[in-house]
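Source file: work.txt; contents: compact mmCIF, C-alpha atoms.
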# COMPACT_ATOMS: atom_id res chain seq x y z
CA MET G 1 76.36 103.94 118.85
CA ARG G 2 78.35 101.09 120.30
CA LEU G 3 82.03 101.32 121.20
CA LYS G 4 83.97 98.35 119.81
CA ARG G 5 87.59 99.00 120.78
CA PHE G 6 90.35 101.53 121.42
CA LEU G 7 93.47 102.04 119.32
CA LEU G 8 96.48 103.88 120.65
CA ARG G 9 98.23 106.55 118.56
CA TYR G 10 101.66 107.55 119.80
CA TYR G 11 102.47 110.34 117.31
CA PRO G 12 100.87 112.73 117.95
CA PRO G 13 99.39 111.33 121.20
CA GLY G 14 95.79 110.30 120.88
CA ILE G 15 93.21 107.56 121.36
CA ILE G 16 91.21 106.27 118.38
CA LEU G 17 87.70 105.03 119.11
CA GLU G 18 86.30 102.33 116.84
CA TYR G 19 82.52 102.25 117.11
CA GLU G 20 79.46 100.90 115.34
CA ARG G 21 76.65 103.13 114.10
CA GLY G 22 73.85 102.15 111.75
CA GLY G 23 75.55 98.84 111.04
CA TYR G 24 78.78 100.55 109.90
CA LEU G 25 82.16 100.54 111.62
CA ARG G 26 83.42 104.11 112.15
CA THR G 27 86.34 105.76 113.90
CA LYS G 28 86.91 109.03 115.68
CA SER G 29 89.99 110.29 117.46
CA ILE G 30 90.57 111.99 120.79
CA ASP G 31 93.63 114.16 120.15
CA LEU G 32 95.81 114.72 123.22
CA LEU G 33 98.24 117.20 121.66
CA ASP G 34 98.98 118.96 124.97
CA LEU G 35 99.70 115.75 126.88
CA THR G 36 102.98 115.72 128.82
CA PRO G 37 104.43 113.23 131.33
CA GLU G 38 103.32 115.73 134.03
CA THR G 39 99.63 115.82 133.01
CA ASP G 40 97.29 114.57 135.75
CA PRO G 41 95.64 111.48 134.20
CA ASP G 42 92.55 111.69 136.41
CA GLU G 43 91.87 115.31 135.47
CA LEU G 44 92.39 114.49 131.81
CA LEU G 45 90.06 111.49 132.08
CA SER G 46 87.24 113.61 133.49
CA GLU G 47 87.75 116.17 130.66
CA ILE G 48 87.60 113.36 128.08
CA ARG G 49 84.46 111.92 129.66
CA GLN G 50 82.70 115.30 129.62
CA SER G 51 83.31 115.77 125.90
CA GLU G 52 83.02 112.16 124.66
CA PRO G 53 79.76 110.28 125.36
CA LEU G 54 81.23 106.96 124.12
CA ILE G 55 83.48 106.88 127.19
CA THR G 56 81.16 105.46 129.82
CA GLU G 57 81.91 104.67 133.46
CA SER G 58 82.75 101.06 132.59
CA ARG G 59 85.38 102.20 130.07
CA ALA G 60 86.98 104.93 132.20
CA GLU G 61 89.68 102.76 133.74
CA GLN G 62 90.69 101.47 130.31
CA VAL G 63 91.07 105.02 128.95
CA LYS G 64 93.17 106.03 131.97
CA GLU G 65 95.42 103.03 131.28
CA LEU G 66 95.88 104.24 127.68
CA VAL G 67 96.72 107.77 128.85
CA LEU G 68 99.35 106.33 131.20
CA ARG G 69 100.84 104.31 128.33
CA LEU G 70 101.07 107.45 126.19
CA GLN G 71 102.77 109.29 129.06
CA GLN G 72 105.17 106.42 129.57
CA LYS G 73 106.12 106.59 125.87
CA GLN G 74 106.66 110.35 126.18
CA GLY G 75 108.84 109.85 129.24
CA GLN G 76 111.29 107.64 127.36
CA GLN G 77 114.45 109.63 126.72
CA ASP G 78 115.44 109.91 123.08
CA HIS G 79 119.15 109.06 123.08
CA HIS G 80 119.05 107.21 119.76
CA ARG G 81 122.20 107.62 117.69
CA PHE G 82 121.82 106.84 114.01
CA CYS G 83 124.38 104.60 112.32
CA PHE G 84 124.88 104.31 108.60
CA CYS G 85 123.28 101.04 107.58
CA LYS G 86 123.17 100.77 103.79
CA GLU G 87 123.79 102.70 100.62
CA LEU G 88 121.44 101.88 97.76
CA LYS G 89 122.56 102.64 94.23
CA ALA G 90 118.93 103.30 93.67
CA HIS G 91 118.80 104.62 90.12
CA ILE G 92 121.05 105.24 87.12
CA LEU G 93 119.95 108.90 87.04
CA PRO G 94 119.42 111.37 89.91
CA LEU G 95 116.69 110.81 92.49
CA THR G 96 113.88 113.28 92.95
CA ASN G 97 112.16 112.18 96.17
CA VAL G 98 111.97 109.51 98.87
CA ALA G 99 109.00 108.49 101.05
CA PHE G 100 108.27 105.87 103.75
CA ASP G 101 105.12 103.84 104.22
CA LYS G 102 103.60 104.31 107.69
CA SER G 103 105.25 101.31 109.33
CA GLY G 104 108.62 102.28 107.87
CA SER G 105 109.14 98.76 106.57
CA ARG G 106 109.15 99.96 102.95
CA PHE G 107 110.11 103.14 101.17
CA ILE G 108 109.96 104.49 97.62
CA THR G 109 112.34 106.51 95.45
CA GLY G 110 111.46 108.59 92.38
CA SER G 111 113.99 109.40 89.69
CA TYR G 112 114.92 111.13 86.48
CA ASP G 113 115.18 107.59 85.01
CA ARG G 114 111.34 107.66 84.69
CA THR G 115 110.76 105.00 87.35
CA CYS G 116 109.72 104.74 90.97
CA ARG G 117 111.25 101.90 92.99
CA VAL G 118 109.85 100.21 96.09
CA TRP G 119 112.42 99.03 98.67
CA ASP G 120 112.46 96.88 101.78
CA THR G 121 113.95 99.09 104.50
CA ALA G 122 115.51 96.38 106.68
CA SER G 123 117.34 94.50 103.92
CA GLY G 124 117.72 97.28 101.35
CA THR G 125 116.41 94.97 98.64
CA GLU G 126 114.33 96.26 95.75
CA LEU G 127 110.77 94.91 95.81
CA HIS G 128 109.34 96.51 92.65
CA THR G 129 110.21 98.87 89.83
CA LEU G 130 107.16 100.92 88.82
CA GLU G 131 107.64 101.53 85.10
CA GLY G 132 105.40 103.31 82.61
CA HIS G 133 106.03 107.05 82.90
CA ARG G 134 107.58 108.72 79.85
CA ASN G 135 109.48 111.38 81.76
CA VAL G 136 110.94 112.24 85.18
CA VAL G 137 109.03 110.78 88.15
CA TYR G 138 109.02 113.78 90.45
CA ALA G 139 106.33 113.50 93.15
CA ILE G 140 105.71 110.24 95.04
CA ALA G 141 103.61 109.14 98.02
CA PHE G 142 102.21 106.14 99.87
CA ASN G 143 98.54 106.33 100.92
CA ASN G 144 99.43 106.31 104.62
CA PRO G 145 98.26 105.08 107.08
CA TYR G 146 97.12 102.20 104.83
CA GLY G 147 100.28 101.85 102.74
CA ASP G 148 98.70 99.61 100.10
CA LYS G 149 98.83 102.16 97.26
CA ILE G 150 101.48 104.44 95.75
CA ALA G 151 100.93 107.56 93.63
CA THR G 152 103.58 108.89 91.24
CA GLY G 153 103.45 112.29 89.52
CA SER G 154 105.57 112.87 86.45
CA PHE G 155 106.90 115.50 84.07
CA ASP G 156 104.95 113.51 81.43
CA LYS G 157 101.85 115.36 82.78
CA THR G 158 100.27 112.19 84.22
CA CYS G 159 99.87 110.69 87.66
CA LYS G 160 99.79 106.94 88.10
CA LEU G 161 98.26 104.90 90.92
CA TRP G 162 99.97 101.62 91.80
CA CYS G 163 99.42 98.60 94.02
CA ALA G 164 102.18 98.71 96.65
CA GLU G 165 102.06 94.92 97.10
CA THR G 166 102.32 93.80 93.46
CA GLY G 167 103.62 96.87 91.60
CA LYS G 168 100.62 96.72 89.24
CA CYS G 169 99.34 100.03 87.81
CA PHE G 170 95.68 100.62 88.71
CA HIS G 171 95.06 103.95 86.94
CA THR G 172 96.76 106.63 84.89
CA PHE G 173 95.31 110.07 85.65
CA ARG G 174 95.43 112.22 82.49
CA GLY G 175 94.32 115.84 82.21
CA HIS G 176 97.11 118.18 83.31
CA ARG G 177 98.62 120.25 80.52
CA ALA G 178 102.10 120.48 82.08
CA GLU G 179 104.45 118.70 84.50
CA ILE G 180 103.06 117.36 87.79
CA VAL G 181 105.32 118.54 90.63
CA CYS G 182 103.42 117.70 93.83
CA LEU G 183 100.77 115.27 95.01
CA ALA G 184 99.05 113.96 98.13
CA PHE G 185 96.49 111.37 99.19
CA ASN G 186 93.64 112.53 101.41
CA PRO G 187 93.65 110.83 104.86
CA GLN G 188 90.78 108.53 103.85
CA SER G 189 92.75 107.39 100.77
CA THR G 190 89.76 108.05 98.50
CA LEU G 191 91.31 110.99 96.61
CA VAL G 192 94.65 112.00 95.16
CA ALA G 193 95.43 115.70 94.70
CA THR G 194 97.99 116.73 92.09
CA GLY G 195 99.62 120.12 91.53
CA SER G 196 101.06 121.11 88.19
CA MET G 197 103.11 123.64 86.26
CA ASP G 198 99.85 124.34 84.36
CA ALA G 199 98.75 126.50 87.37
CA THR G 200 95.99 124.07 88.43
CA ALA G 201 95.50 121.37 91.02
CA LYS G 202 93.28 118.39 90.30
CA LEU G 203 91.43 115.88 92.47
CA TRP G 204 91.19 112.28 91.31
CA ASP G 205 89.03 109.39 92.53
CA VAL G 206 91.22 106.52 93.77
CA GLU G 207 88.57 103.84 93.11
CA SER G 208 87.35 104.83 89.65
CA GLY G 209 90.43 106.64 88.35
CA GLU G 210 88.22 109.54 87.23
CA GLU G 211 89.00 113.23 87.58
CA VAL G 212 86.80 114.70 90.32
CA ALA G 213 87.69 118.39 90.01
CA THR G 214 90.07 120.93 88.53
CA LEU G 215 90.95 123.64 91.04
CA THR G 216 91.60 126.80 89.04
CA GLY G 217 92.53 130.27 90.22
CA HIS G 218 96.31 130.29 90.55
CA THR G 219 98.11 132.22 87.82
CA ALA G 220 101.39 130.30 88.00
CA GLU G 221 102.77 126.86 88.86
CA VAL G 222 101.27 125.00 91.84
CA LEU G 223 104.41 123.87 93.65
CA SER G 224 103.07 122.38 96.90
CA LEU G 225 99.85 121.09 98.37
CA CYS G 226 98.60 119.49 101.55
CA PHE G 227 95.32 118.01 102.85
CA ASN G 228 94.41 118.74 106.46
CA THR G 229 94.16 115.73 108.79
CA VAL G 230 90.35 115.60 108.51
CA GLY G 231 90.53 115.67 104.71
CA ASN G 232 87.87 118.37 104.24
CA HIS G 233 90.31 121.08 103.13
CA LEU G 234 93.27 121.25 100.75
CA VAL G 235 95.85 124.01 100.70
CA THR G 236 97.94 124.89 97.62
CA GLY G 237 101.02 127.09 97.30
CA SER G 238 101.97 128.70 94.02
CA PHE G 239 104.66 130.61 92.15
CA ASP G 240 102.06 133.42 91.90
CA TYR G 241 103.01 134.36 95.53
CA THR G 242 99.64 133.19 96.90
CA VAL G 243 98.29 130.30 98.96
CA ALA G 244 94.76 129.00 98.39
CA ILE G 245 92.47 127.01 100.70
CA TRP G 246 89.95 124.75 98.97
CA ASP G 247 86.84 123.04 100.32
CA VAL G 248 87.16 119.43 99.16
CA ALA G 249 83.42 118.59 99.19
CA SER G 250 82.29 121.60 97.12
CA LYS G 251 85.62 121.88 95.17
CA ARG G 252 85.46 125.63 95.80
CA ARG G 253 88.18 128.02 96.85
CA VAL G 254 87.45 129.25 100.37
CA HIS G 255 90.31 131.74 100.81
CA THR G 256 93.21 133.22 98.90
CA LEU G 257 96.04 134.04 101.28
CA ILE G 258 97.84 137.14 100.02
CA GLY G 259 100.90 138.68 101.63
CA HIS G 260 104.04 136.95 100.39
CA ILE G 261 106.15 138.84 97.85
CA GLY G 262 107.90 135.77 96.45
CA GLU G 263 107.13 132.26 95.22
CA ILE G 264 105.69 129.82 97.76
CA SER G 265 108.11 126.96 98.42
CA ASN G 266 105.94 124.87 100.76
CA VAL G 267 102.60 124.88 102.59
CA GLN G 268 101.43 122.73 105.48
CA PHE G 269 98.48 122.36 107.86
CA ASN G 270 99.10 121.68 111.54
CA TRP G 271 97.61 118.52 113.05
CA ASP G 272 94.42 120.07 114.49
CA CYS G 273 93.72 121.89 111.18
CA SER G 274 93.65 125.33 112.81
CA LEU G 275 96.80 126.79 111.23
CA ILE G 276 98.61 126.82 107.90
CA VAL G 277 102.28 127.69 107.49
CA SER G 278 103.78 128.85 104.21
CA GLY G 279 107.42 129.32 103.27
CA SER G 280 108.51 131.67 100.52
CA THR G 281 111.44 132.86 98.45
CA ASP G 282 110.73 136.30 100.01
CA LYS G 283 112.84 135.01 102.99
CA THR G 284 109.83 134.73 105.33
CA CYS G 285 107.25 132.23 106.55
CA LYS G 286 103.70 133.22 107.28
CA LEU G 287 101.25 131.64 109.68
CA TRP G 288 97.57 131.75 108.69
CA GLU G 289 94.32 130.92 110.47
CA ALA G 290 92.76 128.12 108.44
CA VAL G 291 89.15 129.12 109.14
CA SER G 292 89.38 132.86 108.48
CA GLY G 293 92.36 132.93 106.12
CA LYS G 294 93.84 135.71 108.26
CA CYS G 295 97.62 136.07 108.53
CA VAL G 296 98.45 135.81 112.23
CA ALA G 297 102.24 136.12 112.01
CA THR G 298 105.19 136.63 109.70
CA LEU G 299 108.22 134.63 110.80
CA VAL G 300 111.36 136.57 109.94
CA GLY G 301 115.10 136.15 110.44
CA HIS G 302 116.35 134.27 107.39
CA THR G 303 118.60 136.28 105.05
CA GLU G 304 117.88 134.18 101.96
CA GLU G 305 114.89 132.31 100.53
CA VAL G 306 112.97 129.88 102.73
CA LEU G 307 113.08 126.54 100.89
CA ASP G 308 111.08 124.36 103.28
CA VAL G 309 108.84 124.63 106.31
CA SER G 310 107.36 122.02 108.65
CA PHE G 311 105.15 121.74 111.74
CA ASP G 312 105.97 119.21 114.45
CA LEU G 313 103.14 116.71 114.99
CA SER G 314 101.78 118.51 118.04
CA GLY G 315 101.51 121.71 115.97
CA GLN G 316 103.37 123.73 118.60
CA LEU G 317 106.66 124.19 116.74
CA ILE G 318 107.58 125.23 113.21
CA ALA G 319 110.92 124.50 111.56
CA THR G 320 112.18 126.45 108.55
CA ALA G 321 115.02 125.70 106.13
CA SER G 322 116.76 128.36 104.11
CA ALA G 323 119.25 129.02 101.33
CA ASP G 324 121.19 131.04 103.95
CA GLY G 325 122.51 127.72 105.34
CA THR G 326 120.53 127.86 108.59
CA ALA G 327 117.34 126.31 109.91
CA ARG G 328 115.17 127.96 112.53
CA VAL G 329 112.62 126.74 115.05
CA PHE G 330 109.68 129.03 115.87
CA SER G 331 106.89 128.78 118.40
CA ALA G 332 103.51 128.38 116.68
CA THR G 333 101.81 130.14 119.60
CA THR G 334 104.12 133.07 120.48
CA HIS G 335 105.65 133.23 116.94
CA GLU G 336 109.10 133.93 118.37
CA CYS G 337 112.25 132.36 116.98
CA LEU G 338 113.36 129.84 119.63
CA LEU G 339 116.45 128.43 117.88
CA THR G 340 118.76 129.11 114.98
CA LEU G 341 120.46 125.92 113.81
CA LYS G 342 123.88 126.80 112.42
CA GLY G 343 126.51 124.42 111.07
CA HIS G 344 125.69 123.53 107.48
CA ASP G 345 128.05 124.79 104.82
CA GLY G 346 125.45 125.28 102.10
CA GLU G 347 121.75 125.85 101.55
CA ILE G 348 119.26 123.67 103.44
CA SER G 349 116.54 122.38 101.15
CA LYS G 350 114.60 120.12 103.55
CA VAL G 351 113.64 120.16 107.22
CA CYS G 352 111.40 117.91 109.32
CA PHE G 353 110.75 116.97 112.96
CA SER G 354 111.04 113.48 114.37
CA PRO G 355 107.61 112.01 115.25
CA GLN G 356 108.35 112.65 118.94
CA GLY G 357 109.15 116.30 118.16
CA SER G 358 112.45 116.08 120.04
CA ARG G 359 114.70 116.16 116.95
CA VAL G 360 115.01 118.28 113.83
CA LEU G 361 116.49 116.77 110.66
CA THR G 362 117.97 118.94 107.90
CA ALA G 363 119.30 118.11 104.42
CA SER G 364 121.83 120.34 102.70
CA SER G 365 123.78 121.00 99.52
CA ASP G 366 126.94 120.52 101.64
CA LYS G 367 126.39 116.73 101.12
CA THR G 368 125.38 116.15 104.76
CA ALA G 369 122.21 115.78 106.78
CA ARG G 370 122.22 116.96 110.39
CA LEU G 371 120.24 115.95 113.44
CA TRP G 372 119.52 118.69 115.99
CA ASP G 373 118.03 118.79 119.49
CA ALA G 374 114.69 120.61 119.17
CA GLN G 375 114.94 122.02 122.72
CA SER G 376 118.56 123.19 122.90
CA GLY G 377 119.44 123.59 119.21
CA ALA G 378 122.59 121.49 119.67
CA CYS G 379 123.80 119.54 116.63
CA LEU G 380 123.63 115.91 117.77
CA GLN G 381 124.86 114.16 114.66
CA ILE G 382 126.18 114.77 111.16
CA LEU G 383 125.13 112.12 108.66
CA GLU G 384 128.04 112.01 106.22
CA GLY G 385 128.90 109.88 103.20
CA HIS G 386 126.93 111.22 100.26
CA THR G 387 129.12 112.69 97.50
CA ASP G 388 126.64 115.29 96.24
CA GLU G 389 123.89 117.46 97.67
CA ILE G 390 121.13 115.87 99.76
CA PHE G 391 117.68 117.08 98.78
CA SER G 392 115.46 114.67 100.70
CA CYS G 393 115.39 113.35 104.26
CA VAL G 394 112.60 111.54 106.10
CA PHE G 395 111.95 109.76 109.40
CA ASN G 396 109.90 106.60 109.68
CA TYR G 397 106.83 106.59 111.97
CA GLU G 398 108.73 105.46 115.09
CA GLY G 399 111.54 107.97 114.48
CA ASP G 400 114.25 105.30 114.63
CA ALA G 401 115.13 105.15 110.92
CA ILE G 402 116.09 107.88 108.46
CA ILE G 403 116.40 107.85 104.68
CA THR G 404 118.46 110.46 102.84
CA GLY G 405 118.30 110.96 99.07
CA SER G 406 121.08 112.64 97.14
CA LYS G 407 122.02 113.94 93.73
CA ASP G 408 124.79 111.31 93.82
CA ASN G 409 122.05 108.86 92.64
CA THR G 410 122.03 106.97 95.95
CA CYS G 411 119.93 106.91 99.03
CA ARG G 412 121.22 105.90 102.43
CA ILE G 413 119.41 104.11 105.24
CA TRP G 414 120.37 105.15 108.78
CA TYR G 415 119.25 103.18 111.86

Transcribe the structure of this file into structure tokens.
Amino acid sequence: MRLKRFLLRYYPPGIILEYERGGYLRTKSIDLLDLTPETDPDELLSEIRQSEPLITESRAEQVKELVLRLQQKQGQQDHHRFCFCKELKAHILPLTNVAFDKSGSRFITGSYDRTCRVWDTASGTELHTLEGHRNVVYAIAFNNPYGDKIATGSFDKTCKLWCAETGKCFHTFRGHRAEIVCLAFNPQSTLVATGSMDATAKLWDVESGEEVATLTGHTAEVLSLCFNTVGNHLVTGSFDYTVAIWDVASKRRVHTLIGHIGEISNVQFNWDCSLIVSGSTDKTCKLWEAVSGKCVATLVGHTEEVLDVSFDLSGQLIATASADGTARVFSATTHECLLTLKGHDGEISKVCFSPQGSRVLTASSDKTARLWDAQSGACLQILEGHTDEIFSCVFNYEGDAIITGSKDNTCRIWY
């Protein structure tokens, strides 16, 4: 094994090692999820060296330099105020979803008008219209971190794979017997997973366009799914009140997570793949151990259904969004509710953390999105201007741009 070079990852903090083995270029990451500006870099360096044989004496100083750069980035105060930049009359019919590529230079919108559109973030100009679906384009994603492919899932029961550069359709994945409502690329960008109203999830090969597996076992619609960051497990959440963990290599179900008494609205792995969080219409979230499938906590407090749930990138905080008009922030370790974010005048359908983890973004039926301080719970900004409910809000990778998507058929770019 020969170390070729280091790559720095700011969110979440980590160092990627690019090395050669058996004539092939490979990568592995050293995750530094607990890094703070106060961490002693020398102590951390000796810990890294003990666990990572590729870090030899000659490379030690270089690694320390990278740790210091990560700490410097963390030490920068986040005082960014977002200003309305552009409104895009994106589609003639309502939007369904918005998503950024990793760099944040492009984003995509899906719509009831049966298309997905690719946009340049800085100028707001349309780059491509992805046409071919025969019904609503509901689920959309870039294959981040690469960003060269786009997947679209439709109510026409198919998923299409597109070239992000040219807008050309590579493959149409056929096989579901009902609407596709969620999808995700695996981290290696070799597979697409789709979830459908036909109560199954399917895995598709990105290269060949062939179906790799049908994951059966749910007894109702599969509404959300998520690969872990390694890509060896997939989690699915269903209207049958259960969550399932699947082993990607064997295509087998490893665990069925039973405990919710309402439909599952969203499921997510944390960054280090140790925990899964699920949100449900039973007004609770549950935290599960990924390896054992054991429920380790039920996060309570909401008085109406939980519509969305999200880990921060470090995996230490969980944000929940509810039809009761509030969002909450919980500790992933102590499971206590740290903050209740009050101010919206309608249900909150989406919640996410900024990449730095210092901000929480919420989207509501009250036609506004709000930005909150993740430490104090203070509302820092109200993003106003949409004329109908906002159902989608996302940060770019650096956390300095936001896109909101609304039922008013527009999306807005905020810098």

At what distance in Å, to one decimal, does atom CA of G:Tyr24 lie from atom CA of G:Leu3? 11.8 Å

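For stretch 245-251 of chain G, the list of residues within 8 Å, based on all atoms listed in the file and with local chain neighbours fewer than 4 positions off taken out, reads G:Ala213, G:Leu215, G:Gly231, G:Asn232, G:His233, G:Leu234, G:Val235, G:Thr236, G:His255, G:Thr256, G:Leu257, G:Ala290.
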
Taking the point (124.4, 110.6, 97.5) as given in the file, collect each protein or nucleic acid residue that comes within 10 Å of it, counting only C-alpha atoms, and present the set as a PyMOL selection string. chain G and resi 87-90+94-95+367-368+384-391+404-412

Return the single residue from G:Thr281, G:Phe227, G:Gln356, G:Ser58 that is closest to G:Leu70, with distances computed using only C-alpha atoms.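 Smallest separation from G:Leu70 among the options: G:Gln356.
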
How far is it from atom CA of G:Arg252 to atom CA of G:Ile276, in Å with one decimal?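 If I compute the distance from atom CA of G:Arg252 to atom CA of G:Ile276, I get 17.9 Å.
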
Which of these, G:Ile402, G:Leu223, G:Leu45, G:Cys337, has the shortest distance to G:Leu68 once you count all atoms listed in the file? G:Leu45

Please compute the atom CA of G:Phe239-atom CA of G:His302 distance, one decimal, in Å.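 These two atoms are separated by 19.6 Å.
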
Polymer residues at most 9 Å from (100.7, 122.9, 96.9) by only C-alpha atoms, as an mmCIF file with C-alpha atoms, keeping the file's coordinate frame:
data_model
loop_
_atom_site.group_PDB
_atom_site.id
_atom_site.type_symbol
_atom_site.label_atom_id
_atom_site.label_comp_id
_atom_site.auth_asym_id
_atom_site.auth_seq_id
_atom_site.Cartn_x
_atom_site.Cartn_y
_atom_site.Cartn_z
ATOM 1 C CA VAL G 181 105.320 118.540 90.630
ATOM 2 C CA CYS G 182 103.420 117.700 93.830
ATOM 3 C CA LEU G 183 100.770 115.270 95.010
ATOM 4 C CA THR G 194 97.990 116.730 92.090
ATOM 5 C CA GLY G 195 99.620 120.120 91.530
ATOM 6 C CA SER G 196 101.060 121.110 88.190
ATOM 7 C CA ALA G 201 95.500 121.370 91.020
ATOM 8 C CA VAL G 222 101.270 125.000 91.840
ATOM 9 C CA LEU G 223 104.410 123.870 93.650
ATOM 10 C CA SER G 224 103.070 122.380 96.900
ATOM 11 C CA LEU G 225 99.850 121.090 98.370
ATOM 12 C CA CYS G 226 98.600 119.490 101.550
ATOM 13 C CA LEU G 234 93.270 121.250 100.750
ATOM 14 C CA VAL G 235 95.850 124.010 100.700
ATOM 15 C CA THR G 236 97.940 124.890 97.620
ATOM 16 C CA GLY G 237 101.020 127.090 97.300
ATOM 17 C CA SER G 238 101.970 128.700 94.020
ATOM 18 C CA VAL G 243 98.290 130.300 98.960
ATOM 19 C CA ALA G 244 94.760 129.000 98.390
ATOM 20 C CA ILE G 264 105.690 129.820 97.760
ATOM 21 C CA SER G 265 108.110 126.960 98.420
ATOM 22 C CA ASN G 266 105.940 124.870 100.760
ATOM 23 C CA VAL G 267 102.600 124.880 102.590
ATOM 24 C CA GLN G 268 101.430 122.730 105.480
#

Excluding same-chain residues fewer than 2 positions from G:Asp113, what lies within 10 Å of it counting only C-alpha atoms, as a ChimeraX atom specification? /G:91-96,110-111,115-116,131,133-137

Exercise: stretch 9-19 of chain G partners within 10 Å, all atoms listed in the file, chain neighbours under 4 positions left out, as number ranges by chain: G: 1-5, 23-36, 54-55, 63, 66-67, 69-71, 73-74, 271, 312-315, 354-357, 397-399

Pick from G:Leu44, G:Asn270, G:Phe82, G:Thr109, whichever lies nearest to G:Lys64 using all atoms listed in the file: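 Distance minimum relative to G:Lys64 lands on G:Leu44.
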
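Among the candidate residues G:Ser322, G:Leu361, G:Ser189, G:Cys393, the one lying nearest to G:Leu380 is G:Leu361, with distances computed using all atoms listed in the file.
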
Name all residues at most 9 Å from stretch 77-81 of chain G (count only C-alpha atoms; drop same-chain ones fewer than 5 positions away) and give them as a list in words.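 Those residues are Gln356, Ser358, Arg359, Leu380, Gln381, Asp400 and Tyr415 of chain G.
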
When you look at G:Glu289 with a cut-off of 10 Å (counting only C-alpha atoms), what residues show up, excluding the ones that are within fewer than 6 positions of it in the same chain? I need them as a PyMOL selection string. chain G and resi 257+269+273-277+295-297

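Distances to G:Gly346 were evaluated for G:Glu304, G:Ser46, G:Cys379, G:Lys202 using all atoms listed in the file, and the minimum falls at G:Glu304.
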
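In terms of minimum interatomic distance to G:Leu371, G:Leu341 ranks closest within G:Val212, G:Leu341, G:Val306, G:Cys85, counting only C-alpha atoms.
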